[in-house]
2 protein chains.
Amino acid sequence: MARTQGSHSQITGPRVRGAALKLFAKHGFAAVSMRQIAREVGVQAGALYNYTPDKQALLFSLLKGHMVELHDALDALPESDTPLARLEAFVRFHIAFHLDRPEAVFISYMELRNLEPENFEVIEGLRRRYEDALEAVLTDGRDACVFDVPDTKITTLAVIAMLTGVTTWYRAGGRLSVAEVQQIYWDMVRKAVRA
Amino acid sequence: MARTQGSHSQITGPRVRGAALKLFAKHGFAAVSMRQIAREVGVQAGALYNYTPDKQALLFSLLKGHMVELHDALDALPESDTPLARLEAFVRFHIAFHLDRPEAVFISYMELRNLEPENFEVIEGLRRRYEDALEAVLTDGRDACVFDVPDTKITTLAVIAMLTGVTTWYRAGGRLSVAEVQQIYWDMVRKAVRA
DNA sequence: CTTGGATCTGAACGCGCGTTCAGATACCCT
DNA sequence: AGGGTATCTGAACGCGCGTTCAGATCCAAG
């Protein structure tokens, strides 16, 4: 046997990435074998190597794709005038974006240490750039005396940690809607940084 | 060869746990082999089984020990009168405790999914009890009208996520002392929940 | 000084790993 | 209709895994 009916690069490729994302998020990169991914896709292990040079590249590709998507979505946000409005937009965006892709968020945090140093640097750079976007808002707000933040870097990290935390407990169809969650978190952030 | 000079259960036992903690934190449970742990201790792999029935039990023991220590330390806190003072004590305690054992904190978050269901339930229960301690403070403060928190459960999780985030960036000997970090975070939490 | 138990070694077990590749098959293009 | 290519299978590679165990060695108690 060999090529099966209806097989297609444009179909199998995304399915490989999807299966890898799902399994990495559930069990961890190191705990998932190429054969498991293949089984999820409905293919033999060897076929995966039409879509990735190796397992490491598959992980890196998922993380890189996630970070690029994050930046693209952030850049696409409508611009706001005041630091307060920009901060609100960031908070609401961060929550909505992350709640939409919990698995990608999860592995982007958990599997950083499984990246080879060169790949790690790339992802780390993208993450820092994202943090810088928030810090710029905080700095502007402080300069305009609308925010009281003693240390913009730490506040940046604290806010992001708090916001990202939603992915650990939020479940679609649960007690709260995304909009309600956004409102609650925005209230906390606004109060925490206000002058 | 067999038993080597100076060997001792009371020495090797803790060293096994220490090596496992260090390696699990660095590379992840699934990525660390018993032979690596043994090499770190300076012993053959078989000898580890004098100290743990298997690899899973070793992980569980580390996580359980960490959570028990956390509760003991929390219970040992001097009692405070007002909700505000209790909240401040909790915030400062959480930061100090977690910054003191970054590796244990790390694996307690990262390796939960590698616990067998039965073990997972135990750790999850201890974690929830810890969260409940904070939520009780928030509830009391809200009832006393000193806090404005629309949802105590979510605020609890948000605060803990924010505080635990310090372990991802704090490095001893860095720009800030633990006391300074505590102060910055306490300021943010206080403002975020105040009425 | 002897002896028994605690501690460790070294070898072994079956197994699944990531990866490669020759060959088989299905699809697309002319 | 038929050739070429993209795609997949199935088998194989060497390796390291978690765990077990008989035997060697050290230590402490009598």
# chains A, B, ... in the order shown; residues from 1 in each chain; ligands from 1
>>> residues_around(residues="DG5 of chain C", least_positions_apart="2", cutoff="10 Å", atoms="only C-alpha atoms (C1' of nucleotides)", output="VMD selection string")
(chain C and resid 3 7) or (chain D and resid 27 to 28)
>>> write_last_selection(atoms="N, CA and C atoms (P, O5', C5', C4', C3', O3' and C1' of nucleotides)", output="PDB file, in the first residue's frame")
ATOM      1  P    DT C   3      29.652 -16.082  61.738  1.00  0.00           P
ATOM      2  O5'  DT C   3      28.349 -15.174  61.623  1.00  0.00           O
ATOM      3  C5'  DT C   3      27.686 -14.741  62.825  1.00  0.00           C
ATOM      4  C4'  DT C   3      26.695 -13.650  62.478  1.00  0.00           C
ATOM      5  C3'  DT C   3      25.984 -13.871  61.137  1.00  0.00           C
ATOM      6  O3'  DT C   3      24.628 -13.486  61.320  1.00  0.00           O
ATOM      7  C1'  DT C   3      26.930 -11.737  61.174  1.00  0.00           C
ATOM      8  P    DT C   7      19.422   1.979  54.020  1.00  0.00           P
ATOM      9  O5'  DT C   7      20.418   1.774  52.795  1.00  0.00           O
ATOM     10  C5'  DT C   7      21.803   1.985  52.980  1.00  0.00           C
ATOM     11  C4'  DT C   7      22.556   1.539  51.764  1.00  0.00           C
ATOM     12  C3'  DT C   7      22.063   2.141  50.446  1.00  0.00           C
ATOM     13  O3'  DT C   7      23.058   3.040  50.000  1.00  0.00           O
ATOM     14  C1'  DT C   7      22.648  -0.149  50.236  1.00  0.00           C
TER      15       DT C   7
ATOM     16  P    DC D  27      31.335   2.008  55.255  1.00  0.00           P
ATOM     17  O5'  DC D  27      30.261   1.702  56.395  1.00  0.00           O
ATOM     18  C5'  DC D  27      28.898   2.043  56.155  1.00  0.00           C
ATOM     19  C4'  DC D  27      28.050   1.345  57.201  1.00  0.00           C
ATOM     20  C3'  DC D  27      28.518   1.552  58.640  1.00  0.00           C
ATOM     21  O3'  DC D  27      27.455   2.157  59.352  1.00  0.00           O
ATOM     22  C1'  DC D  27      28.046  -0.738  58.184  1.00  0.00           C
ATOM     23  P    DA D  28      27.781   2.801  60.822  1.00  0.00           P
ATOM     24  O5'  DA D  28      26.739   2.024  61.732  1.00  0.00           O
ATOM     25  C5'  DA D  28      25.595   1.410  61.132  1.00  0.00           C
ATOM     26  C4'  DA D  28      25.039   0.323  62.038  1.00  0.00           C
ATOM     27  C3'  DA D  28      25.323   0.505  63.532  1.00  0.00           C
ATOM     28  O3'  DA D  28      24.217  -0.009  64.249  1.00  0.00           O
ATOM     29  C1'  DA D  28      26.275  -1.507  62.812  1.00  0.00           C
TER      30       DA D  28
END
>>> calpha_fit_and_write(fixed="chain A", moving="chain B", output="PDB file with C-alpha atoms, in the first residue's frame")
ATOM      1  CA  MET B   1      -0.105  -0.099   0.017  1.00  0.00           C
ATOM      2  CA  ALA B   2       1.055   3.475  -0.299  1.00  0.00           C
ATOM      3  CA  ARG B   3      -0.627   6.720  -1.124  1.00  0.00           C
ATOM      4  CA  THR B   4      -4.251   6.431  -0.045  1.00  0.00           C
ATOM      5  CA  GLN B   5      -7.375   7.797  -1.622  1.00  0.00           C
ATOM      6  CA  GLY B   6      -8.071  11.470  -1.270  1.00  0.00           C
ATOM      7  CA  SER B   7      -4.733  12.210   0.269  1.00  0.00           C
ATOM      8  CA  HIS B   8      -3.477  15.704  -0.203  1.00  0.00           C
ATOM      9  CA  SER B   9      -0.730  17.911   1.074  1.00  0.00           C
ATOM     10  CA  GLN B  10      -3.105  20.791   1.662  1.00  0.00           C
ATOM     11  CA  ILE B  11      -5.281  18.590   3.842  1.00  0.00           C
ATOM     12  CA  THR B  12      -2.713  16.521   5.678  1.00  0.00           C
ATOM     13  CA  GLY B  13      -0.374  19.411   6.407  1.00  0.00           C
ATOM     14  CA  PRO B  14      -2.795  21.381   8.574  1.00  0.00           C
ATOM     15  CA  ARG B  15      -4.047  18.205  10.161  1.00  0.00           C
ATOM     16  CA  VAL B  16      -0.523  17.337  11.259  1.00  0.00           C
ATOM     17  CA  ARG B  17      -0.132  20.741  12.864  1.00  0.00           C
ATOM     18  CA  GLY B  18      -3.548  20.496  14.458  1.00  0.00           C
ATOM     19  CA  ALA B  19      -2.868  17.072  15.906  1.00  0.00           C
ATOM     20  CA  ALA B  20       0.535  18.139  17.175  1.00  0.00           C
ATOM     21  CA  LEU B  21      -0.916  21.252  18.795  1.00  0.00           C
ATOM     22  CA  LYS B  22      -3.639  19.272  20.510  1.00  0.00           C
ATOM     23  CA  LEU B  23      -1.365  16.508  21.754  1.00  0.00           C
ATOM     24  CA  PHE B  24       1.501  18.776  22.806  1.00  0.00           C
ATOM     25  CA  ALA B  25      -0.960  20.851  24.819  1.00  0.00           C
ATOM     26  CA  LYS B  26      -2.482  17.804  26.463  1.00  0.00           C
ATOM     27  CA  HIS B  27       0.573  15.719  27.268  1.00  0.00           C
ATOM     28  CA  GLY B  28       3.592  17.910  26.645  1.00  0.00           C
ATOM     29  CA  PHE B  29       6.091  17.928  23.808  1.00  0.00           C
ATOM     30  CA  ALA B  30       8.446  15.366  25.296  1.00  0.00           C
ATOM     31  CA  ALA B  31       5.651  12.985  26.191  1.00  0.00           C
ATOM     32  CA  VAL B  32       4.136  12.888  22.704  1.00  0.00           C
ATOM     33  CA  SER B  33       5.630  10.630  20.058  1.00  0.00           C
ATOM     34  CA  MET B  34       5.601  11.139  16.330  1.00  0.00           C
ATOM     35  CA  ARG B  35       3.651   7.896  16.085  1.00  0.00           C
ATOM     36  CA  GLN B  36       0.901   9.311  18.312  1.00  0.00           C
ATOM     37  CA  ILE B  37       0.630  12.376  16.113  1.00  0.00           C
ATOM     38  CA  ALA B  38       0.524  10.167  13.040  1.00  0.00           C
ATOM     39  CA  ARG B  39      -2.210   8.003  14.545  1.00  0.00           C
ATOM     40  CA  GLU B  40      -4.286  11.102  15.316  1.00  0.00           C
ATOM     41  CA  VAL B  41      -3.946  12.177  11.688  1.00  0.00           C
ATOM     42  CA  GLY B  42      -4.637   8.679  10.398  1.00  0.00           C
ATOM     43  CA  VAL B  43      -1.302   8.135   8.747  1.00  0.00           C
ATOM     44  CA  GLN B  44       1.972   6.306   9.323  1.00  0.00           C
ATOM     45  CA  ALA B  45       4.763   8.026  11.204  1.00  0.00           C
ATOM     46  CA  GLY B  46       7.020   8.309   8.174  1.00  0.00           C
ATOM     47  CA  ALA B  47       4.459  10.422   6.337  1.00  0.00           C
ATOM     48  CA  LEU B  48       4.855  13.236   8.881  1.00  0.00           C
ATOM     49  CA  TYR B  49       8.287  13.930   7.493  1.00  0.00           C
ATOM     50  CA  ASN B  50       6.704  15.292   4.348  1.00  0.00           C
ATOM     51  CA  TYR B  51       5.529  18.189   6.492  1.00  0.00           C
ATOM     52  CA  THR B  52       8.311  18.788   8.960  1.00  0.00           C
ATOM     53  CA  PRO B  53      12.021  18.044   8.880  1.00  0.00           C
ATOM     54  CA  ASP B  54      11.839  16.791  12.461  1.00  0.00           C
ATOM     55  CA  LYS B  55       9.885  16.949  15.705  1.00  0.00           C
ATOM     56  CA  GLN B  56      11.686  20.022  16.993  1.00  0.00           C
ATOM     57  CA  ALA B  57      10.856  22.004  13.862  1.00  0.00           C
ATOM     58  CA  LEU B  58       7.219  21.054  14.286  1.00  0.00           C
ATOM     59  CA  LEU B  59       7.150  22.543  17.783  1.00  0.00           C
ATOM     60  CA  PHE B  60       9.002  25.637  16.690  1.00  0.00           C
ATOM     61  CA  SER B  61       6.649  26.148  13.770  1.00  0.00           C
ATOM     62  CA  LEU B  62       3.644  26.023  16.072  1.00  0.00           C
ATOM     63  CA  LEU B  63       5.103  28.505  18.545  1.00  0.00           C
ATOM     64  CA  LYS B  64       6.360  30.860  15.858  1.00  0.00           C
ATOM     65  CA  GLY B  65       3.010  30.763  14.073  1.00  0.00           C
ATOM     66  CA  HIS B  66       1.238  31.597  17.291  1.00  0.00           C
ATOM     67  CA  MET B  67       3.474  34.539  18.089  1.00  0.00           C
ATOM     68  CA  VAL B  68       3.268  35.936  14.570  1.00  0.00           C
ATOM     69  CA  GLU B  69      -0.493  35.670  14.668  1.00  0.00           C
ATOM     70  CA  LEU B  70      -0.470  37.459  18.011  1.00  0.00           C
ATOM     71  CA  HIS B  71       1.527  40.361  16.641  1.00  0.00           C
ATOM     72  CA  ASP B  72      -0.546  40.603  13.495  1.00  0.00           C
ATOM     73  CA  ALA B  73      -3.739  40.730  15.508  1.00  0.00           C
ATOM     74  CA  LEU B  74      -2.308  43.336  17.862  1.00  0.00           C
ATOM     75  CA  ASP B  75      -1.188  45.495  14.947  1.00  0.00           C
ATOM     76  CA  ALA B  76      -4.661  45.235  13.450  1.00  0.00           C
ATOM     77  CA  LEU B  77      -6.255  46.826  16.518  1.00  0.00           C
ATOM     78  CA  PRO B  78      -7.900  50.180  15.824  1.00  0.00           C
ATOM     79  CA  GLU B  79      -5.739  52.917  17.260  1.00  0.00           C
ATOM     80  CA  SER B  80      -6.830  54.723  20.371  1.00  0.00           C
ATOM     81  CA  ASP B  81      -5.956  58.199  21.501  1.00  0.00           C
ATOM     82  CA  THR B  82      -5.448  58.217  25.212  1.00  0.00           C
ATOM     83  CA  PRO B  83      -3.202  55.857  27.190  1.00  0.00           C
ATOM     84  CA  LEU B  84      -6.252  54.746  29.146  1.00  0.00           C
ATOM     85  CA  ALA B  85      -8.130  53.780  25.990  1.00  0.00           C
ATOM     86  CA  ARG B  86      -5.036  52.041  24.624  1.00  0.00           C
ATOM     87  CA  LEU B  87      -4.620  50.097  27.844  1.00  0.00           C
ATOM     88  CA  GLU B  88      -8.260  49.052  27.800  1.00  0.00           C
ATOM     89  CA  ALA B  89      -7.933  47.928  24.196  1.00  0.00           C
ATOM     90  CA  PHE B  90      -4.849  45.897  25.056  1.00  0.00           C
ATOM     91  CA  VAL B  91      -6.474  44.197  28.029  1.00  0.00           C
ATOM     92  CA  ARG B  92      -9.611  43.262  26.135  1.00  0.00           C
ATOM     93  CA  PHE B  93      -7.598  42.138  23.130  1.00  0.00           C
ATOM     94  CA  HIS B  94      -5.230  39.980  25.165  1.00  0.00           C
ATOM     95  CA  ILE B  95      -8.070  38.156  26.886  1.00  0.00           C
ATOM     96  CA  ALA B  96     -10.090  37.586  23.732  1.00  0.00           C
ATOM     97  CA  PHE B  97      -7.114  36.463  21.696  1.00  0.00           C
ATOM     98  CA  HIS B  98      -5.827  34.070  24.313  1.00  0.00           C
ATOM     99  CA  LEU B  99      -9.201  32.575  25.171  1.00  0.00           C
ATOM    100  CA  ASP B 100      -9.634  31.817  21.487  1.00  0.00           C
ATOM    101  CA  ARG B 101      -6.583  29.557  21.291  1.00  0.00           C
ATOM    102  CA  PRO B 102      -5.936  28.066  24.708  1.00  0.00           C
ATOM    103  CA  GLU B 103      -3.845  25.213  23.347  1.00  0.00           C
ATOM    104  CA  ALA B 104      -1.406  27.444  21.493  1.00  0.00           C
ATOM    105  CA  VAL B 105      -1.125  29.688  24.547  1.00  0.00           C
ATOM    106  CA  PHE B 106      -0.474  26.713  26.738  1.00  0.00           C
ATOM    107  CA  ILE B 107       2.371  25.272  24.711  1.00  0.00           C
ATOM    108  CA  SER B 108       3.839  28.730  24.145  1.00  0.00           C
ATOM    109  CA  TYR B 109       4.386  28.918  27.882  1.00  0.00           C
ATOM    110  CA  MET B 110       5.116  25.310  28.691  1.00  0.00           C
ATOM    111  CA  GLU B 111       7.328  24.156  25.880  1.00  0.00           C
ATOM    112  CA  LEU B 112       9.772  27.033  25.641  1.00  0.00           C
ATOM    113  CA  ARG B 113      12.352  24.945  27.435  1.00  0.00           C
ATOM    114  CA  ASN B 114      12.074  22.229  24.810  1.00  0.00           C
ATOM    115  CA  LEU B 115      13.165  24.611  22.081  1.00  0.00           C
ATOM    116  CA  GLU B 116      16.731  24.433  20.904  1.00  0.00           C
ATOM    117  CA  PRO B 117      18.598  27.619  21.918  1.00  0.00           C
ATOM    118  CA  GLU B 118      18.450  29.166  18.473  1.00  0.00           C
ATOM    119  CA  ASN B 119      14.705  28.630  18.215  1.00  0.00           C
ATOM    120  CA  PHE B 120      14.194  29.779  21.776  1.00  0.00           C
ATOM    121  CA  GLU B 121      15.828  33.104  21.012  1.00  0.00           C
ATOM    122  CA  VAL B 122      13.394  33.752  18.186  1.00  0.00           C
ATOM    123  CA  ILE B 123      10.298  33.074  20.276  1.00  0.00           C
ATOM    124  CA  GLU B 124      11.711  34.964  23.235  1.00  0.00           C
ATOM    125  CA  GLY B 125      12.335  37.974  21.024  1.00  0.00           C
ATOM    126  CA  LEU B 126       8.764  37.970  19.762  1.00  0.00           C
ATOM    127  CA  ARG B 127       7.462  37.672  23.300  1.00  0.00           C
ATOM    128  CA  ARG B 128       9.552  40.584  24.457  1.00  0.00           C
ATOM    129  CA  ARG B 129       8.296  42.704  21.589  1.00  0.00           C
ATOM    130  CA  TYR B 130       4.765  41.968  22.712  1.00  0.00           C
ATOM    131  CA  GLU B 131       5.576  42.978  26.258  1.00  0.00           C
ATOM    132  CA  ASP B 132       7.186  46.147  24.966  1.00  0.00           C
ATOM    133  CA  ALA B 133       3.919  47.111  23.323  1.00  0.00           C
ATOM    134  CA  LEU B 134       2.167  47.066  26.678  1.00  0.00           C
ATOM    135  CA  GLU B 135       5.011  48.762  28.460  1.00  0.00           C
ATOM    136  CA  ALA B 136       4.926  51.630  25.973  1.00  0.00           C
ATOM    137  CA  VAL B 137       1.309  52.253  26.880  1.00  0.00           C
ATOM    138  CA  LEU B 138       2.121  52.260  30.580  1.00  0.00           C
ATOM    139  CA  THR B 139       5.052  54.596  30.080  1.00  0.00           C
ATOM    140  CA  ASP B 140       2.977  57.042  28.041  1.00  0.00           C
ATOM    141  CA  GLY B 141       0.255  56.982  30.656  1.00  0.00           C
ATOM    142  CA  ARG B 142       2.686  57.606  33.427  1.00  0.00           C
ATOM    143  CA  ASP B 143       4.290  60.487  31.572  1.00  0.00           C
ATOM    144  CA  ALA B 144       0.817  61.937  31.097  1.00  0.00           C
ATOM    145  CA  CYS B 145       0.200  61.467  34.835  1.00  0.00           C
ATOM    146  CA  VAL B 146      -2.875  59.321  34.265  1.00  0.00           C
ATOM    147  CA  PHE B 147      -1.155  56.177  35.551  1.00  0.00           C
ATOM    148  CA  ASP B 148       0.684  55.630  38.780  1.00  0.00           C
ATOM    149  CA  VAL B 149       3.141  52.830  38.085  1.00  0.00           C
ATOM    150  CA  PRO B 150       6.389  52.757  40.041  1.00  0.00           C
ATOM    151  CA  ASP B 151       8.016  50.258  37.662  1.00  0.00           C
ATOM    152  CA  THR B 152       6.617  49.915  34.161  1.00  0.00           C
ATOM    153  CA  LYS B 153       8.519  46.734  33.370  1.00  0.00           C
ATOM    154  CA  ILE B 154       7.243  44.854  36.381  1.00  0.00           C
ATOM    155  CA  THR B 155       3.738  46.175  35.974  1.00  0.00           C
ATOM    156  CA  THR B 156       3.836  44.985  32.389  1.00  0.00           C
ATOM    157  CA  LEU B 157       4.804  41.484  33.434  1.00  0.00           C
ATOM    158  CA  ALA B 158       2.321  41.486  36.291  1.00  0.00           C
ATOM    159  CA  VAL B 159      -0.568  42.531  34.073  1.00  0.00           C
ATOM    160  CA  ILE B 160       0.281  40.009  31.379  1.00  0.00           C
ATOM    161  CA  ALA B 161       0.628  37.223  33.941  1.00  0.00           C
ATOM    162  CA  MET B 162      -2.715  38.119  35.420  1.00  0.00           C
ATOM    163  CA  LEU B 163      -4.469  38.304  32.061  1.00  0.00           C
ATOM    164  CA  THR B 164      -2.941  35.130  30.681  1.00  0.00           C
ATOM    165  CA  GLY B 165      -4.107  33.358  33.817  1.00  0.00           C
ATOM    166  CA  VAL B 166      -7.649  33.336  32.469  1.00  0.00           C
ATOM    167  CA  THR B 167      -6.731  30.496  30.147  1.00  0.00           C
ATOM    168  CA  THR B 168      -6.130  28.194  33.107  1.00  0.00           C
ATOM    169  CA  TRP B 169      -9.686  28.351  34.390  1.00  0.00           C
ATOM    170  CA  TYR B 170     -11.970  29.783  31.678  1.00  0.00           C
ATOM    171  CA  ARG B 171     -14.182  27.275  29.953  1.00  0.00           C
ATOM    172  CA  ALA B 172     -16.497  28.231  27.096  1.00  0.00           C
ATOM    173  CA  GLY B 173     -20.104  27.813  28.148  1.00  0.00           C
ATOM    174  CA  GLY B 174     -19.221  28.336  31.792  1.00  0.00           C
ATOM    175  CA  ARG B 175     -20.545  30.828  34.294  1.00  0.00           C
ATOM    176  CA  LEU B 176     -19.139  33.890  32.579  1.00  0.00           C
ATOM    177  CA  SER B 177     -19.018  35.170  29.010  1.00  0.00           C
ATOM    178  CA  VAL B 178     -15.822  36.460  27.475  1.00  0.00           C
ATOM    179  CA  ALA B 179     -17.237  39.988  27.649  1.00  0.00           C
ATOM    180  CA  GLU B 180     -17.887  39.647  31.376  1.00  0.00           C
ATOM    181  CA  VAL B 181     -14.389  38.340  31.967  1.00  0.00           C
ATOM    182  CA  GLN B 182     -12.937  41.212  29.964  1.00  0.00           C
ATOM    183  CA  GLN B 183     -14.896  43.692  32.034  1.00  0.00           C
ATOM    184  CA  ILE B 184     -13.816  42.218  35.372  1.00  0.00           C
ATOM    185  CA  TYR B 185     -10.151  42.154  34.414  1.00  0.00           C
ATOM    186  CA  TRP B 186     -10.248  45.586  32.864  1.00  0.00           C
ATOM    187  CA  ASP B 187     -11.723  46.963  36.078  1.00  0.00           C
ATOM    188  CA  MET B 188      -8.891  45.430  38.070  1.00  0.00           C
ATOM    189  CA  VAL B 189      -6.160  46.618  35.744  1.00  0.00           C
ATOM    190  CA  ARG B 190      -7.599  50.105  35.508  1.00  0.00           C
ATOM    191  CA  LYS B 191      -7.757  50.457  39.260  1.00  0.00           C
ATOM    192  CA  ALA B 192      -4.323  48.944  39.783  1.00  0.00           C
ATOM    193  CA  VAL B 193      -2.541  51.452  37.555  1.00  0.00           C
ATOM    194  CA  ARG B 194      -4.620  54.602  38.013  1.00  0.00           C
ATOM    195  CA  ALA B 195      -3.003  57.654  39.452  1.00  0.00           C
TER     196      ALA B 195
END
>>> interface_residues(of="chain C", to="chain B", cutoff="12 Å", atoms="only C-alpha atoms (C1' of nucleotides)", output="MDAnalysis selection string")
chainID C and resid 6:12
>>> closest_residue(among="D:DT25, D:DC8, D:DG2, D:DG14", to="chain B", atoms="only C-alpha atoms (C1' of nucleotides)")
D:DT25
>>> closest_atom_pairs(of="chain D", to="chain B", cutoff="12 Å", atoms="only C-alpha atoms (C1' of nucleotides)", output="tab-separated table")
residue	atom	partner	partner_atom	distance
D:DG16	C1'	B:Ser33	CA	9.0
D:DC17	C1'	B:Ser33	CA	7.3
D:DG18	C1'	B:Met34	CA	7.4
D:DT19	C1'	B:Gly46	CA	8.0
D:DT20	C1'	B:Gly46	CA	8.3
D:DC21	C1'	B:Gly46	CA	9.5
D:DA22	C1'	B:Ala2	CA	11.8
D:DG23	C1'	B:Ala2	CA	8.6
D:DA24	C1'	B:Ala2	CA	5.0
D:DT25	C1'	B:Arg3	CA	4.9
D:DC26	C1'	B:Arg3	CA	5.9
D:DC27	C1'	B:Gly6	CA	9.2
>>> atom_distance(atom1="atom C1' of DA26 of chain C", atom2="atom C1' of DA1 of chain D")
15.8 Å
>>> atom_distance(atom1="atom C1' of DC13 of chain C", atom2="atom C1' of DA11 of chain D")
23.5 Å
>>> select_by_dssp(residues="chain B", states="alpha helix (DSSP H)", output="PyMOL selection string")
chain B and resi 9-27+34-41+55-75+83-100+102-110+117-143+152-164+166-169+178-193
